[in-house]
Structures are given as structure tokens and as C-alpha cells.
file model-v2.csv (CSV, C-alpha atoms)
chain,number,residue,atom,x,y,z
A,1,MET,CA,0.0,0.0,0.0
A,2,SER,CA,1.2,3.6,-0.8
A,3,ASP,CA,1.8,6.3,1.8
A,4,GLY,CA,-1.5,7.8,0.8
A,5,ASP,CA,-3.4,4.8,2.2
A,6,PHE,CA,-2.2,5.5,5.8
A,7,ILE,CA,-2.5,8.1,8.5
A,8,LEU,CA,1.1,8.6,9.7
A,9,VAL,CA,1.7,9.6,13.3
A,10,GLU,CA,5.1,10.5,14.5
A,11,GLY,CA,6.2,11.6,18.0
A,12,ALA,CA,2.7,11.7,19.7
A,13,ARG,CA,3.2,13.0,23.2
A,14,GLN,CA,-0.3,14.0,24.2
A,15,ASN,CA,-1.1,13.4,27.9
A,16,ASN,CA,0.5,10.0,28.8
A,17,LEU,CA,1.7,9.1,25.3
A,18,LYS,CA,5.4,8.8,25.1
A,19,GLY,CA,6.7,9.6,21.6
A,20,LEU,CA,4.3,7.2,19.9
A,21,ASN,CA,4.9,6.4,16.2
A,22,LEU,CA,2.4,4.4,14.1
A,23,ARG,CA,0.7,4.0,10.8
A,24,LEU,CA,-3.1,3.6,10.6
A,25,PRO,CA,-4.6,2.2,7.4
A,26,LEU,CA,-7.4,4.3,5.9
A,27,ASN,CA,-10.9,2.8,5.1
A,28,ARG,CA,-10.5,0.2,7.8
A,29,PHE,CA,-12.3,-0.5,11.0
A,30,ILE,CA,-9.7,-0.1,13.8
A,31,VAL,CA,-10.3,-0.9,17.5
A,32,VAL,CA,-8.0,0.6,20.1
A,33,THR,CA,-7.7,-1.5,23.3
A,34,GLY,CA,-5.6,-1.5,26.3
A,35,VAL,CA,-5.6,-1.2,30.1
A,36,SER,CA,-6.8,1.9,31.9
A,37,GLY,CA,-4.3,4.7,31.5
A,38,SER,CA,-2.5,3.3,28.5
A,39,GLY,CA,-3.4,6.2,26.3
A,40,LYS,CA,-6.4,5.0,24.3
A,41,SER,CA,-8.4,8.2,24.6
A,42,SER,CA,-5.3,10.3,24.2
A,43,LEU,CA,-4.5,8.7,20.9
A,44,ALA,CA,-8.1,8.5,19.5
A,45,PHE,CA,-9.7,11.7,20.8
A,46,ASP,CA,-6.9,14.1,21.9
A,47,THR,CA,-4.6,13.4,19.0
A,48,LEU,CA,-6.2,12.0,15.9
A,49,TYR,CA,-9.7,13.5,16.3
A,50,ALA,CA,-8.3,16.8,17.5
A,51,GLU,CA,-5.9,17.2,14.6
A,52,GLY,CA,-8.5,16.1,12.0
A,53,GLN,CA,-11.1,18.5,13.3
A,54,ARG,CA,-8.7,21.4,13.7
A,55,ARG,CA,-7.5,21.1,10.1
A,56,TYR,CA,-11.1,20.8,8.9
A,57,VAL,CA,-12.2,23.9,10.7
A,58,GLU,CA,-9.2,25.8,9.3
A,59,THR,CA,-10.6,25.4,5.8
A,60,PHE,CA,-13.5,27.6,6.6
A,61,SER,CA,-13.6,31.4,6.3
A,62,PRO,CA,-12.7,33.5,9.3
A,63,TYR,CA,-16.4,34.5,9.6
A,64,ALA,CA,-17.5,30.8,9.8
A,65,ARG,CA,-14.8,29.8,12.2
A,66,GLN,CA,-16.0,32.2,14.9
A,67,PHE,CA,-19.1,30.0,15.3
A,68,LEU,CA,-17.2,26.7,15.6
A,69,ASP,CA,-15.4,25.2,18.5
A,70,ARG,CA,-11.6,25.6,18.1
A,71,MET,CA,-9.4,22.7,19.2
A,72,ASP,CA,-5.8,23.1,20.3
A,73,LYS,CA,-3.1,21.5,18.3
A,74,PRO,CA,-2.1,18.2,19.9
A,75,ARG,CA,1.4,17.5,21.0
A,76,VAL,CA,2.8,15.5,18.1
A,77,ASP,CA,5.7,16.0,15.8
A,78,ARG,CA,3.8,15.2,12.6
A,79,ILE,CA,0.6,13.7,11.3
A,80,VAL,CA,0.2,13.0,7.6
A,81,GLY,CA,-2.9,11.9,5.6
A,82,ILE,CA,-5.6,12.5,8.3
A,83,PRO,CA,-9.0,13.3,6.9
A,84,PRO,CA,-11.8,15.4,8.6
A,85,ALA,CA,-12.9,13.5,11.7
A,86,VAL,CA,-16.1,12.9,13.6
A,87,ALA,CA,-16.1,11.7,17.3
A,88,ILE,CA,-18.9,10.3,19.2
A,89,ASP,CA,-18.5,10.2,23.0
A,90,GLN,CA,-19.6,7.0,24.6
A,91,THR,CA,-21.0,9.0,27.6
A,92,ASN,CA,-23.5,10.9,25.4
A,93,PRO,CA,-26.5,11.7,27.6
A,94,VAL,CA,-29.1,11.5,24.9
A,95,ARG,CA,-31.5,8.6,25.6
A,96,THR,CA,-34.1,9.0,22.8
A,97,SER,CA,-34.4,6.2,20.3
A,98,ARG,CA,-34.5,8.8,17.5
A,99,SER,CA,-30.9,9.8,18.3
A,100,THR,CA,-28.5,8.0,15.9
A,101,VAL,CA,-24.9,8.5,14.7
A,102,GLY,CA,-26.3,10.5,11.9
A,103,THR,CA,-28.2,12.9,14.1
A,104,MET,CA,-25.5,13.3,16.7
A,105,THR,CA,-22.9,14.1,14.0
A,106,GLU,CA,-25.4,16.2,12.0
A,107,LEU,CA,-24.6,14.1,8.9
A,108,CYS,CA,-28.3,13.5,8.5
A,109,ASP,CA,-28.8,17.1,7.6
A,110,HIS,CA,-26.3,16.9,4.8
A,111,ILE,CA,-27.7,13.6,3.5
A,112,LYS,CA,-31.3,14.9,3.5
A,113,LEU,CA,-30.1,17.9,1.4
A,114,LEU,CA,-28.2,15.6,-0.9
A,115,TYR,CA,-31.2,13.4,-1.6
A,116,ALA,CA,-33.5,16.4,-2.1
A,117,ARG,CA,-31.2,18.1,-4.6
A,118,ALA,CA,-29.2,15.4,-6.3
A,119,ALA,CA,-31.3,12.3,-6.3
A,120,THR,CA,-33.1,10.9,-9.3
A,121,LEU,CA,-36.8,10.3,-8.9
A,122,ASN,CA,-38.1,6.9,-10.2
A,123,CYS,CA,-41.7,6.2,-10.6
A,124,ARG,CA,-43.1,3.8,-7.9
A,125,GLY,CA,-45.3,2.2,-10.6
A,126,CYS,CA,-43.1,1.5,-13.6
A,127,GLY,CA,-39.6,2.3,-12.2
A,128,LYS,CA,-38.8,4.7,-15.0
A,129,PRO,CA,-37.0,8.0,-14.2
A,130,VAL,CA,-39.4,10.9,-13.6
A,131,ARG,CA,-38.2,14.3,-14.9
A,132,ARG,CA,-39.5,17.6,-16.2
A,133,ASP,CA,-39.6,17.7,-19.9
A,134,ASN,CA,-39.8,20.7,-22.2
A,135,ALA,CA,-40.0,21.0,-26.0
A,136,ASP,CA,-36.2,20.8,-26.5
A,137,THR,CA,-35.7,17.7,-24.3
A,138,ILE,CA,-38.7,16.0,-26.0
A,139,TRP,CA,-37.2,16.8,-29.4
A,140,GLN,CA,-33.9,15.3,-28.4
A,141,THR,CA,-35.7,12.1,-27.4
A,142,LEU,CA,-37.6,11.9,-30.6
A,143,THR,CA,-34.5,12.3,-32.7
A,144,LEU,CA,-33.2,9.1,-31.0
A,145,GLN,CA,-36.4,7.0,-30.9
A,146,ALA,CA,-38.4,8.3,-33.9
A,147,ALA,CA,-35.8,9.7,-36.3
A,148,LYS,CA,-37.0,10.2,-39.9
A,149,GLN,CA,-40.6,9.1,-39.0
A,150,GLU,CA,-43.8,11.0,-39.2
A,151,VAL,CA,-45.5,11.5,-35.8
A,152,LEU,CA,-48.7,13.0,-34.4
A,153,VAL,CA,-48.2,15.5,-31.6
A,154,THR,CA,-51.3,15.2,-29.3
A,155,PHE,CA,-52.4,16.4,-25.9
A,156,PRO,CA,-55.3,15.4,-23.7
A,157,CYS,CA,-58.2,17.7,-23.5
A,158,PRO,CA,-60.9,16.9,-20.9
A,159,ILE,CA,-64.4,18.0,-22.1
A,160,PRO,CA,-66.5,19.4,-19.2
A,161,LYS,CA,-69.8,17.6,-18.6
A,162,SER,CA,-71.6,20.9,-18.8
A,163,PHE,CA,-70.5,21.4,-22.4
A,164,LYS,CA,-72.4,20.3,-25.4
A,165,ALA,CA,-70.4,18.6,-28.2
A,166,GLU,CA,-71.1,21.5,-30.6
A,167,GLU,CA,-69.9,24.0,-28.0
A,168,ALA,CA,-66.6,22.1,-27.4
A,169,ARG,CA,-66.1,21.8,-31.1
A,170,ASP,CA,-66.5,25.5,-31.7
A,171,LEU,CA,-64.2,26.4,-28.8
A,172,LEU,CA,-61.5,24.1,-30.1
A,173,ALA,CA,-61.9,25.4,-33.6
A,174,LYS,CA,-61.4,29.0,-32.4
A,175,GLN,CA,-58.1,27.9,-30.8
A,176,GLY,CA,-57.0,26.3,-34.1
A,177,PHE,CA,-57.6,22.6,-33.4
A,178,GLN,CA,-59.8,20.8,-35.8
A,179,ARG,CA,-58.5,17.2,-35.6
A,180,ALA,CA,-58.5,14.6,-32.9
A,181,LEU,CA,-57.4,11.0,-32.5
A,182,VAL,CA,-60.3,8.7,-31.7
A,183,GLY,CA,-59.9,4.9,-31.5
A,184,GLY,CA,-56.5,5.2,-33.2
A,185,GLU,CA,-58.0,7.1,-36.2
A,186,VAL,CA,-57.6,10.7,-37.1
A,187,VAL,CA,-61.0,12.4,-37.4
A,188,ARG,CA,-62.1,16.0,-38.2
A,189,LEU,CA,-64.2,17.4,-35.4
A,190,ASP,CA,-66.3,19.6,-37.8
A,191,GLU,CA,-67.3,16.5,-39.7
A,192,ASN,CA,-67.6,14.2,-36.7
A,193,PRO,CA,-69.0,16.1,-33.7
A,194,ARG,CA,-70.2,12.9,-32.1
A,195,ALA,CA,-66.5,12.0,-31.4
A,196,ILE,CA,-66.7,14.7,-28.7
A,197,LYS,CA,-68.1,13.1,-25.5
A,198,PRO,CA,-68.7,15.6,-22.6
A,199,GLY,CA,-67.1,14.3,-19.4
A,200,ALA,CA,-64.4,12.4,-21.3
A,201,ALA,CA,-60.9,13.4,-22.4
A,202,LEU,CA,-60.2,13.9,-26.1
A,203,ASP,CA,-56.8,13.5,-27.7
A,204,ILE,CA,-56.4,16.7,-29.7
A,205,ILE,CA,-53.8,16.7,-32.6
A,206,ALA,CA,-51.5,19.7,-32.4
A,207,ASP,CA,-49.6,18.9,-35.6
A,208,ARG,CA,-48.3,16.1,-37.8
A,209,VAL,CA,-44.6,16.4,-38.4
A,210,ARG,CA,-41.6,14.5,-39.6
A,211,ILE,CA,-38.7,14.1,-37.2
A,212,GLU,CA,-35.8,15.4,-39.2
A,213,PRO,CA,-33.4,18.3,-38.8
A,214,THR,CA,-35.2,20.6,-41.3
A,215,SER,CA,-38.5,20.3,-39.3
A,216,ARG,CA,-37.1,21.1,-35.9
A,217,ALA,CA,-38.6,24.5,-35.6
A,218,ARG,CA,-42.1,23.3,-36.6
A,219,ALA,CA,-41.9,20.3,-34.2
A,220,VAL,CA,-40.7,22.4,-31.3
A,221,GLU,CA,-43.6,24.9,-31.9
A,222,ALA,CA,-46.1,22.0,-32.0
A,223,LEU,CA,-44.7,20.6,-28.8
A,224,GLU,CA,-44.8,23.9,-27.0
A,225,THR,CA,-48.4,24.3,-28.0
A,226,ALA,CA,-49.3,20.8,-26.9
A,227,LEU,CA,-47.6,21.4,-23.5
A,228,LYS,CA,-49.5,24.7,-23.1
A,229,PHE,CA,-53.0,23.4,-23.9
A,230,GLY,CA,-52.4,19.9,-22.4
A,231,LYS,CA,-51.4,21.4,-19.0
A,232,GLY,CA,-47.9,20.0,-19.3
A,233,ARG,CA,-48.8,16.7,-20.9
A,234,VAL,CA,-48.1,15.6,-24.4
A,235,GLN,CA,-48.2,12.3,-26.3
A,236,ILE,CA,-46.3,11.4,-29.4
A,237,ARG,CA,-47.5,8.7,-31.7
A,238,THR,CA,-45.6,7.4,-34.7
A,239,LEU,CA,-47.4,6.6,-37.9
A,240,ASN,CA,-45.2,3.6,-39.0
A,241,ALA,CA,-46.2,0.0,-38.6
A,242,GLN,CA,-44.9,-0.2,-35.1
A,243,ARG,CA,-47.2,2.5,-33.8
A,244,LEU,CA,-44.8,3.7,-31.0
A,245,THR,CA,-46.4,5.9,-28.3
A,246,LEU,CA,-44.3,8.2,-26.2
A,247,ASN,CA,-45.6,10.1,-23.2
A,248,PHE,CA,-44.0,13.3,-21.7
A,249,SER,CA,-44.8,15.7,-18.9
A,250,SER,CA,-43.4,19.1,-18.0
A,251,ASP,CA,-44.1,18.4,-14.3
A,252,LEU,CA,-42.9,15.7,-11.8
A,253,HIS,CA,-45.5,13.4,-13.3
A,254,CYS,CA,-45.1,9.9,-14.7
A,255,PRO,CA,-47.2,10.1,-17.9
A,256,ASP,CA,-47.2,6.3,-18.2
A,257,CYS,CA,-48.6,5.6,-14.8
A,258,ASP,CA,-50.4,8.9,-14.3
A,259,ILE,CA,-48.8,9.4,-10.9
A,260,HIS,CA,-47.9,13.0,-9.8
A,261,TYR,CA,-45.0,13.6,-7.4
A,262,ARG,CA,-44.4,16.6,-5.2
A,263,ASP,CA,-41.1,18.5,-5.4
A,264,PRO,CA,-38.5,16.8,-3.1
A,265,SER,CA,-37.5,18.6,0.1
A,266,PRO,CA,-35.2,17.7,2.9
A,267,ASN,CA,-38.2,16.9,5.2
A,268,LEU,CA,-39.3,14.1,2.9
A,269,PHE,CA,-36.1,12.2,3.9
A,270,SER,CA,-36.3,12.9,7.6
A,271,PHE,CA,-37.5,10.2,10.0
A,272,ASN,CA,-38.3,12.9,12.5
A,273,SER,CA,-40.8,14.5,10.1
A,274,ALA,CA,-44.3,13.1,9.5
A,275,LEU,CA,-43.7,13.7,5.8
A,276,GLY,CA,-40.6,11.4,5.6
A,277,ALA,CA,-41.2,9.0,8.4
A,278,CYS,CA,-42.1,5.4,7.7
A,279,GLY,CA,-45.9,4.9,8.0
A,280,ARG,CA,-45.5,1.7,9.9
A,281,CYS,CA,-42.7,2.4,12.5
A,282,ARG,CA,-43.2,6.2,12.4
A,283,GLY,CA,-39.5,6.8,12.1
A,284,PHE,CA,-38.5,4.8,15.3
A,285,GLY,CA,-37.2,1.8,13.4
A,286,ARG,CA,-39.4,-0.6,15.4
A,287,THR,CA,-43.0,-1.5,15.5
A,288,ILE,CA,-45.2,-2.4,18.5
A,289,GLU,CA,-47.1,-5.6,17.8
A,290,ILE,CA,-49.0,-8.2,19.9
A,291,ASP,CA,-46.9,-11.2,21.0
A,292,TYR,CA,-49.4,-14.0,20.9
A,293,ASP,CA,-47.0,-16.3,22.7
A,294,ARG,CA,-47.5,-14.1,25.7
A,295,VAL,CA,-51.3,-13.8,25.1
A,296,VAL,CA,-51.4,-17.6,25.2
A,297,PRO,CA,-48.5,-18.5,27.5
A,298,ASP,CA,-49.6,-22.1,28.0
A,299,PRO,CA,-50.7,-23.6,24.7
A,300,THR,CA,-51.7,-26.8,26.4
A,301,LEU,CA,-54.8,-25.1,27.8
A,302,THR,CA,-58.1,-25.0,26.0
A,303,LEU,CA,-60.2,-22.0,25.3
A,304,ALA,CA,-62.7,-23.1,27.9
A,305,GLY,CA,-59.8,-23.8,30.3
A,306,GLY,CA,-58.4,-20.2,30.1
A,307,ALA,CA,-55.9,-20.3,27.2
A,308,ILE,CA,-56.3,-16.5,26.7
A,309,LYS,CA,-54.6,-15.4,29.9
A,310,ILE,CA,-55.7,-11.8,30.0
A,311,TRP,CA,-59.3,-12.8,29.9
A,312,GLN,CA,-59.0,-14.8,33.1
A,313,SER,CA,-58.9,-11.7,35.3
A,314,GLU,CA,-62.0,-10.1,36.8
A,315,SER,CA,-61.5,-7.0,34.7
A,316,TYR,CA,-61.9,-8.8,31.4
A,317,ARG,CA,-63.8,-11.9,32.4
A,318,GLU,CA,-66.7,-10.6,30.3
A,319,CYS,CA,-64.6,-11.2,27.1
A,320,GLN,CA,-64.1,-14.9,28.1
A,321,ASP,CA,-67.8,-15.2,28.5
A,322,ASP,CA,-68.3,-13.7,25.1
A,323,LEU,CA,-65.9,-16.2,23.6
A,324,MET,CA,-67.7,-19.1,25.2
A,325,GLU,CA,-71.0,-17.7,23.8
A,326,PHE,CA,-69.8,-17.1,20.2
A,327,ALA,CA,-67.5,-20.1,19.8
A,328,PRO,CA,-70.3,-22.8,19.7
A,329,ARG,CA,-72.3,-20.7,17.3
A,330,ALA,CA,-69.3,-20.6,14.9
A,331,GLY,CA,-68.4,-24.2,15.4
A,332,CYS,CA,-65.1,-23.5,17.1
A,333,PRO,CA,-64.1,-26.2,19.6
A,334,THR,CA,-63.5,-25.0,23.1
A,335,ASP,CA,-62.2,-28.3,24.6
A,336,VAL,CA,-59.2,-28.7,22.3
A,337,PRO,CA,-55.7,-27.5,23.5
A,338,TRP,CA,-54.6,-24.2,21.8
A,339,GLU,CA,-51.5,-25.9,20.3
A,340,LYS,CA,-53.8,-28.5,18.6
A,341,LEU,CA,-56.5,-26.1,17.5
A,342,PRO,CA,-56.7,-25.9,13.7
A,343,GLU,CA,-55.2,-22.7,12.2
A,344,LYS,CA,-58.7,-21.8,10.9
A,345,TRP,CA,-60.0,-21.4,14.4
A,346,LYS,CA,-56.9,-19.7,15.8
A,347,ARG,CA,-57.4,-17.0,13.2
A,348,TRP,CA,-61.1,-16.8,14.1
A,349,VAL,CA,-60.2,-16.2,17.8
A,350,ILE,CA,-57.6,-13.6,16.8
A,351,GLU,CA,-59.2,-11.8,13.8
A,352,GLY,CA,-62.9,-12.2,14.8
A,353,GLU,CA,-65.7,-12.0,12.4
A,354,GLY,CA,-67.2,-8.6,12.9
A,355,ARG,CA,-68.2,-5.9,15.4
A,356,TRP,CA,-69.7,-6.4,18.8
A,357,GLU,CA,-72.4,-3.9,17.9
A,358,ASP,CA,-73.5,-6.3,15.1
A,359,ARG,CA,-73.6,-9.2,17.7
A,360,LYS,CA,-70.6,-10.9,16.1
A,361,TRP,CA,-67.3,-12.2,17.6
A,362,TYR,CA,-64.9,-9.2,17.7
A,363,GLY,CA,-61.6,-11.1,18.2
A,364,LEU,CA,-58.4,-10.4,20.1
A,365,LYS,CA,-57.1,-7.8,17.7
A,366,ARG,CA,-60.1,-5.5,18.2
A,367,PHE,CA,-59.9,-6.1,21.9
A,368,PHE,CA,-56.4,-4.9,22.0
A,369,ALA,CA,-57.3,-1.9,19.8
A,370,TRP,CA,-59.9,-1.0,22.5
A,371,LEU,CA,-57.2,-1.1,25.1
A,372,GLU,CA,-55.1,1.5,23.2

call {"tool": "encode", "arguments": {"input": "model-v2.csv", "output": "C-alpha cells"}}
result
Amino acid sequence: MSDGDFILVEGARQNNLKGLNLRLPLNRFIVVTGVSGSGKSSLAFDTLYAEGQRRYVETFSPYARQFLDRMDKPRVDRIVGIPPAVAIDQTNPVRTSRSTVGTMTELCDHIKLLYARAATLNCRGCGKPVRRDNADTIWQTLTLQAAKQEVLVTFPCPIPKSFKAEEARDLLAKQGFQRALVGGEVVRLDENPRAIKPGAALDIIADRVRIEPTSRARAVEALETALKFGKGRVQIRTLNAQRLTLNFSSDLHCPDCDIHYRDPSPNLFSFNSALGACGRCRGFGRTIEIDYDRVVPDPTLTLAGGAIKIWQSESYRECQDDLMEFAPRAGCPTDVPWEKLPEKWKRWVIEGEGRWEDRKWYGLKRFFAWLE
């Protein structure tokens, strides 16, 4: 390994270190051990961390440095190859489960910003990248996928239910649109007003153009028109035998899956925020669930014999009585040990079959939901 792969320490004399010389490999997990007083903390915190942090702070402007903690230069002859350092004290007083290495070192703030600004959004439906398109980017895509082909530039136009077909036709004609794509066929709206169905979307044709360098200006103009009247959505259909269809959107919208996405922000990647936290664990990294091995601690007992332990107390004895009332009606055996009870009836006991208000067996899950 070259010298650049190591942190070189020469003559470390901090605290109880006595002229220590050593080379520490970078990108490795290193454990420092030793008896009390041997200099572990002096080497790790007071020498390596102190020098790495001191050099890192010195790269900031004088204005920024006044807000940061300054560390004294450690007593050492030379340290070479040390990167910026982060230290986590093992006596940290924070006890919340939301406190992690990332929050304690404030790395999470940088990572959230990185994801919000530099990450690529992929559609959760089809997995394709979602980006904002414009007339120029659409043209570039067409020159790659539909070069030298004739295409139809169309956009969706929803027809309000309150409009009559003739009113929609006249309004579209005033805006310069007289053709639409219906059932894969080009129709003239002035000759086929029945093609316009109020309450449904109509694919209006903005232009028919050939994808070649000489027609770029006309194609870009048609694309800009389609994006404007299509509220940011445009569809390209080739007229060759393959009938290729390409969808584009000027917003964070997947035109193939019709899923709209909001602009990314750092809060979307924060487990401390309701926007970014996991819906199941709420950002804690763990879930609270019922341990049915503790609900039924003795599987050799029957339902009639008190297999459901919590229902054997005076407070919840009424639930045991309900079980004994509903089980015979459903056909669930109450004299079979829980461990031998068929899965069908175990699920019945746990899941229930309806609400108590409907005079049906409510089950263990709804019982514990009431307790919450």
C-alpha cells in the first residue's frame, strides 16, 4: 500500500503518550484496546480527532470559524494523511431512540439535502425516471427514438360535462384545433361532432410532423403548443407499422402511470418528520405488535380452560364469557388445547368475524385496539 493509504503519526506526546509512532490504514475499522491509563483516549480523541477536526475547521472562512469550536493543536511531531474527523462520546447523555450516529454528528442534515437536490426520482409504478420535460428535451428524445418518422403530436383535452359537443367543437376550432385521435384514427371534429363526448378526455392533434433536422422549428412549436394546452402533458404517436407511443410531462409526473409527485424537500427524507417517516414504524425503526405467545403463555390449555390469559382476570372476564358464547355458534371447539387447535379457528379467535355492535365475535385484535 502507498503512503496515501495510511495516517502517519510521529512523536505523539499528548497526555500520557510517550513519543508514539504508528501508521493507521485508511478505510479500515480499527479498534484501540488496552488497560486503563494506557493512552487509548489520548490517541483516539486528543490526538487523531483533535488534529483532523482542527484542520477541517481551518478550511472555513474567518467568519464561519468564529461560530465553531476551536481545538488546540495536539502535542505531536507530525501527522500526515488525516481526513476530517467525527467523534462520538460513549457517555453521550441522549436517551431518545431517535438519536443516531447521523443525528449526533449532523450528517443526516447533509444527507437529506443531498437526496432532495441530487437524487433521481423513479416512478413507484413503472420504475422509470421521472423528470420535467420541455419542447427541447422531447425533441432530443424523438431524434433518438423516432428519427425520420412521421409522428402525431397530441395532448389530452378533458371535455366538461356541462359542455355540449357543438360548444366544445366551436371552442377548439377558435383555438385552431380541428382534428382529434379517436380509436387510433384521425377524425375531423367539424365532420364528426359525435366524437366529442362531454365528461371524457379527447386527444387533440396539435400537428403532424416528420422528425428530421429541417423540421425542428415546426416540431418544437407544436410541442410547446401541446404542452401549453395539455397542461404540461403531451403524447407522441408514430405513424409507422410499429405504432410507437411516447408520453411526456413538464411536471414531476409519470405520464405512463399517471402518478404525480411533489417536489423533493429535505423533510421528505427525515424520520423525525411526518412527511418522511415510515408509515409503519413512524420513524422509530421498530413496531409495536402483539406477542401472541404471551397472550397464550400455556398452549396446552383449551379456550374453555383459560388459554387466553388476559381474559381470566376479573377486569376482562366478560370477554371470556363472550368467547364461550360465540364459539359454539361458529363451530369453534373450546375443549381442544390451543396448540392442537386448527389454524382456521386460531385465526377466528384472533381476527374475529365482525363488530360487537353487530352481535358478532370481535376477536383479540379488536380487543387490544380498544385497550389502546

call {"tool": "closest_residue", "arguments": {"input": "model-v2.csv", "among": "A:Thr143, A:Val153, A:Ile88, A:Arg218", "to": "Gly102 (chain A)", "atoms": "all atoms listed in the file"}}
result
A:Ile88

call {"tool": "residues_around", "arguments": {"input": "model-v2.csv", "residues": "region 15-25 of chain A", "least_positions_apart": "5", "cutoff": "8 Å", "atoms": "all atoms listed in the file", "output": "list in words"}}
result
Asp5, Phe6, Ile7, Leu8, Val9, Glu10, Gly37, Ser38, Gly39, Ser42, Leu43 and Val76 of chain A

call {"tool": "residues_around", "arguments": {"input": "model-v2.csv", "residues": "region 282-288 of chain A", "least_positions_apart": "3", "cutoff": "9 Å", "atoms": "only C-alpha atoms", "output": "number ranges by chain"}}
result
A: 97-98, 270-274, 276-279

call {"tool": "atom_distance", "arguments": {"input": "model-v2.csv", "atom1": "CA of Leu252 (chain A)", "atom2": "CA of Leu121 (chain A)"}}
result
8.6 Å

call {"tool": "closest_residue", "arguments": {"input": "model-v2.csv", "among": "A:Cys126, A:Val57, A:Leu202, A:Leu341", "to": "Ala85 (chain A)", "atoms": "all atoms listed in the file"}}
result
A:Val57

call {"tool": "closest_residue", "arguments": {"input": "model-v2.csv", "among": "A:Ile290, A:Asp109, A:Ala50, A:Arg132", "to": "Pro83 (chain A)", "atoms": "only C-alpha atoms"}}
result
A:Ala50

call {"tool": "residues_around", "arguments": {"input": "model-v2.csv", "residues": "region 164-166 of chain A", "least_positions_apart": "4", "cutoff": "7 Å", "atoms": "all atoms listed in the file", "output": "list in words"}}
result
Asp170, Pro193, Arg194, Ile196, Lys197 and Pro198 of chain A

call {"tool": "closest_residue", "arguments": {"input": "model-v2.csv", "among": "A:Ile204, A:Cys319, A:Val220, A:Met324", "to": "Gln178 (chain A)", "atoms": "all atoms listed in the file"}}
result
A:Ile204

call {"tool": "closest_residue", "arguments": {"input": "model-v2.csv", "among": "A:Gly199, A:Gly176, A:Pro129, A:Pro84", "to": "Pro160 (chain A)", "atoms": "all atoms listed in the file"}}
result
A:Gly199

call {"tool": "closest_residue", "arguments": {"input": "model-v2.csv", "among": "A:Gln53, A:Thr245, A:Thr141, A:Gln320", "to": "Thr154 (chain A)", "atoms": "all atoms listed in the file"}}
result
A:Thr245

call {"tool": "residues_around", "arguments": {"input": "model-v2.csv", "residues": "Glu221 (chain A)", "least_positions_apart": "5", "cutoff": "12 Å", "atoms": "all atoms listed in the file", "output": "PyMOL selection string"}}
result
chain A and resi 134-136+138-139+153+206-209+215-216+226-228

call {"tool": "residues_around", "arguments": {"input": "model-v2.csv", "residues": "Lys73 (chain A)", "least_positions_apart": "5", "cutoff": "12 Å", "atoms": "only C-alpha atoms", "output": "PDB file with C-alpha atoms, in the frame of the given file"}}
result
ATOM      1  CA  ALA A  12       2.700  11.700  19.700  1.00  0.00           C
ATOM      2  CA  ARG A  13       3.200  13.000  23.200  1.00  0.00           C
ATOM      3  CA  GLN A  14      -0.300  14.000  24.200  1.00  0.00           C
ATOM      4  CA  ASP A  46      -6.900  14.100  21.900  1.00  0.00           C
ATOM      5  CA  THR A  47      -4.600  13.400  19.000  1.00  0.00           C
ATOM      6  CA  LEU A  48      -6.200  12.000  15.900  1.00  0.00           C
ATOM      7  CA  TYR A  49      -9.700  13.500  16.300  1.00  0.00           C
ATOM      8  CA  ALA A  50      -8.300  16.800  17.500  1.00  0.00           C
ATOM      9  CA  GLU A  51      -5.900  17.200  14.600  1.00  0.00           C
ATOM     10  CA  GLY A  52      -8.500  16.100  12.000  1.00  0.00           C
ATOM     11  CA  GLN A  53     -11.100  18.500  13.300  1.00  0.00           C
ATOM     12  CA  ARG A  54      -8.700  21.400  13.700  1.00  0.00           C
ATOM     13  CA  ARG A  55      -7.500  21.100  10.100  1.00  0.00           C
ATOM     14  CA  GLU A  58      -9.200  25.800   9.300  1.00  0.00           C
ATOM     15  CA  ARG A  78       3.800  15.200  12.600  1.00  0.00           C
ATOM     16  CA  ILE A  79       0.600  13.700  11.300  1.00  0.00           C
TER      17      ILE A  79
END

call {"tool": "residues_near_point", "arguments": {"input": "model-v2.csv", "point": "(-52.6, -12.0, 30.6)", "cutoff": "9 Å", "atoms": "all atoms listed in the file", "output": "PDB file with C-alpha atoms, in the frame of the given file"}}
result
ATOM      1  CA  ARG A 294     -47.500 -14.100  25.700  1.00  0.00           C
ATOM      2  CA  VAL A 295     -51.300 -13.800  25.100  1.00  0.00           C
ATOM      3  CA  VAL A 296     -51.400 -17.600  25.200  1.00  0.00           C
ATOM      4  CA  PRO A 297     -48.500 -18.500  27.500  1.00  0.00           C
ATOM      5  CA  ILE A 308     -56.300 -16.500  26.700  1.00  0.00           C
ATOM      6  CA  LYS A 309     -54.600 -15.400  29.900  1.00  0.00           C
ATOM      7  CA  ILE A 310     -55.700 -11.800  30.000  1.00  0.00           C
ATOM      8  CA  TRP A 311     -59.300 -12.800  29.900  1.00  0.00           C
ATOM      9  CA  GLN A 312     -59.000 -14.800  33.100  1.00  0.00           C
ATOM     10  CA  SER A 313     -58.900 -11.700  35.300  1.00  0.00           C
TER      11      SER A 313
END

call {"tool": "atom_distance", "arguments": {"input": "model-v2.csv", "atom1": "CA of Pro299 (chain A)", "atom2": "CA of Leu371 (chain A)"}}
result
23.4 Å

call {"tool": "atom_distance", "arguments": {"input": "model-v2.csv", "atom1": "CA of Cys157 (chain A)", "atom2": "CA of Phe229 (chain A)"}}
result
7.7 Å

call {"tool": "residues_near_point", "arguments": {"input": "model-v2.csv", "point": "(-67.0, -21.4, 10.7)", "cutoff": "9 Å", "atoms": "all atoms listed in the file", "output": "list in words"}}
result
Arg329, Ala330, Gly331, Cys332, Lys344, Trp345 and Trp348 of chain A
